[in-house]
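Quick notes on the structure that follows.
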There are 2 protein chains.
Amino acid sequence: MDPRTDNGLRARDLDRRETGNLIGSDKVEGTAVYSHANEKIGKIERVMIDKPSGKVAYAVMSFGGFLGIGDDHYPIPWSKLTYDESVGGYRTDLAKADLEDAPRFSADDDFDWENREAGMSVYNHYGIPPYWV
Amino acid sequence: MDPRTDNGLRARDLDRRETGNLIGSDKVEGTAVYSHANEKIGKIERVMIDKPSGKVAYAVMSFGGFLGIGDDHYPIPWSKLTYDESVGGYRTDLAKADLEDAPRFSADDDFDWENREAGMSVYNHYGIPPYWV
C-alpha cells in the first residue's frame, strides 16, 4: 500500500507528535489505556489543562457505552499514564477493579472541575498529590 | 434550528470543555489566535505536553497555506495565549510582524523538539522563561 495515502500520511504525522519527552495533545486523544494486567480499560478523550499554570490537571478516560452513548468518563492524574510503545497505548498500574469506585461522570452531566473537593477525591483515589499543590 | 442536531450537541459539548481555569485539549485545538491589533494571525493545532512534568511545553499555531499545504507552524509559549470570550479565540500581545522572524517549521520537516537550543530560541523570541526552568 502506498504509504502516502491520506491515512498513511496521517499516521506518519501522528507518529511525529511523540518525540522523546514531548507529546502532541492530538496524539494523546484516542489513545488506549491498559491495566496492569494488560486489559484495555479505556481510552483517553482529552486532557484538561489548567490555564494559569499550563499544567495538565487531568486526563479524561472513557470506558463502556456504544458510540459515545452511555460512556463513563474518568478524570485521572496525568502521572498515572506511561506510554508503552509495545502496545501503542498507555500502561497504568491500575486494575480494572480500581475504576469501580473511581470518581466519574456521564455524558449527561459533567465533572465539577472547579470544585476542589471533587478534584481532591480524584487525586486521593489514585494516591497522588493534586496538580494544584 | 433544533439545537440538538449533531453540530449543536458538539458545540454545546465543546463549550463545556472550558470551565473557569480548566480547558480541554480538544477545545484548544482549532481555536483562532488574534493579534494585539485584532487581526487573526493563526489557529492552534495542538499543544505539546512535556510528559515527565505534565506541563504544556508549547502551543503550536499554524498560519498560511491552503488545506494544510504550505502552512507554517509556530511553537509558542502557552502563557502567550489568553482566551477572550468576546472573539471566541486567543488574544495575544503579538503583532503580525512578530511572527516574521519567529521560530517555525513547515509541514515537510518538524521542529527539533528535543533540542534545548531550538526550544530556547522560541522562549527567547517571546521573552518568556522556558518551560523547563
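Here, A, B, ... name the chains of the C-alpha cells in the order displayed, residue numbers run from 1 inside each chain, and ligands are numbered from 1 in the same displayed order.
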
Per DSSP on the backbone, what are the helix (DSSP H, G or I) residues of range 63-99 of chain B, as a ChimeraX atom specification?
/B:78-80,96-99

With a distance threshold of 7 Å and counting only C-alpha atoms, extract the residues of chain A near chain B and express them as a list in words.
Gly20, Asn21, Leu22, Ile23, Gly24, Ser25, Asp26, Arg46, Val47, Met48, Ile49, Asp50, Lys51, Pro52, Gly54, Lys55, Val56, Trp78 and Glu114 of chain A

With DSSP run on the backbone, what are the strand (DSSP E) residues within range 13-100 of chain B? I'd like them as a VMD selection string.
chain B and resid 18 to 19 22 to 24 32 to 34 40 to 50 55 to 63 72 to 76 82 to 84 89 to 91

Which residues, written as a PyMOL selection string, have at least one atom at most 10 Å from range 87-98 of chain B, with only C-alpha atoms counted and residues fewer than 3 positions away on the same chain left out?
chain B and resi 28+30-44+79-84+101-102+125-126

Restricting it to C-alpha atoms, dump the selection as a PDB file, in the first residue's frame.
```pdb
ATOM      1  CA  VAL B  28      -7.754  24.403  22.396  1.00  0.00           C
ATOM      2  CA  GLY B  30      -8.583  24.665  16.185  1.00  0.00           C
ATOM      3  CA  THR B  31      -9.068  27.841  18.197  1.00  0.00           C
ATOM      4  CA  ALA B  32      -8.192  31.080  16.408  1.00  0.00           C
ATOM      5  CA  VAL B  33      -5.416  33.354  17.605  1.00  0.00           C
ATOM      6  CA  TYR B  34      -5.713  37.141  17.322  1.00  0.00           C
ATOM      7  CA  SER B  35      -3.006  39.749  17.385  1.00  0.00           C
ATOM      8  CA  HIS B  36      -2.949  42.765  19.646  1.00  0.00           C
ATOM      9  CA  ALA B  37      -4.476  44.670  16.710  1.00  0.00           C
ATOM     10  CA  ASN B  38      -7.323  42.153  16.439  1.00  0.00           C
ATOM     11  CA  GLU B  39      -6.101  40.502  13.236  1.00  0.00           C
ATOM     12  CA  LYS B  40      -6.418  36.735  13.042  1.00  0.00           C
ATOM     13  CA  ILE B  41      -2.829  35.507  12.960  1.00  0.00           C
ATOM     14  CA  GLY B  42      -3.427  31.773  13.013  1.00  0.00           C
ATOM     15  CA  LYS B  43      -5.063  28.925  14.855  1.00  0.00           C
ATOM     16  CA  ILE B  44      -3.848  26.446  17.416  1.00  0.00           C
ATOM     17  CA  SER B  79       1.458  31.793  28.596  1.00  0.00           C
ATOM     18  CA  LYS B  80       1.163  33.954  25.455  1.00  0.00           C
ATOM     19  CA  LEU B  81      -2.422  32.793  24.984  1.00  0.00           C
ATOM     20  CA  THR B  82      -5.338  34.378  26.820  1.00  0.00           C
ATOM     21  CA  TYR B  83      -8.788  33.204  25.895  1.00  0.00           C
ATOM     22  CA  ASP B  84     -11.131  36.069  25.013  1.00  0.00           C
ATOM     23  CA  ASP B 101      11.309  36.170  12.401  1.00  0.00           C
ATOM     24  CA  ALA B 102       9.703  33.753  14.859  1.00  0.00           C
ATOM     25  CA  HIS B 125      11.826  35.192  20.876  1.00  0.00           C
ATOM     26  CA  TYR B 126       8.741  35.676  23.033  1.00  0.00           C
TER      27      TYR B 126
END
```

One-decimal distance in Å that lies between CA of Ser86 in chain A and CA of Tyr74 in chain A:
24.3 Å

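Computed from the coordinates, the CA of Phe105 in chain A to CA of Val133 in chain A distance equals 23.9 Å.
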
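Going from CA of Arg104 in chain B to CA of Pro129 in chain B covers 18.4 Å.
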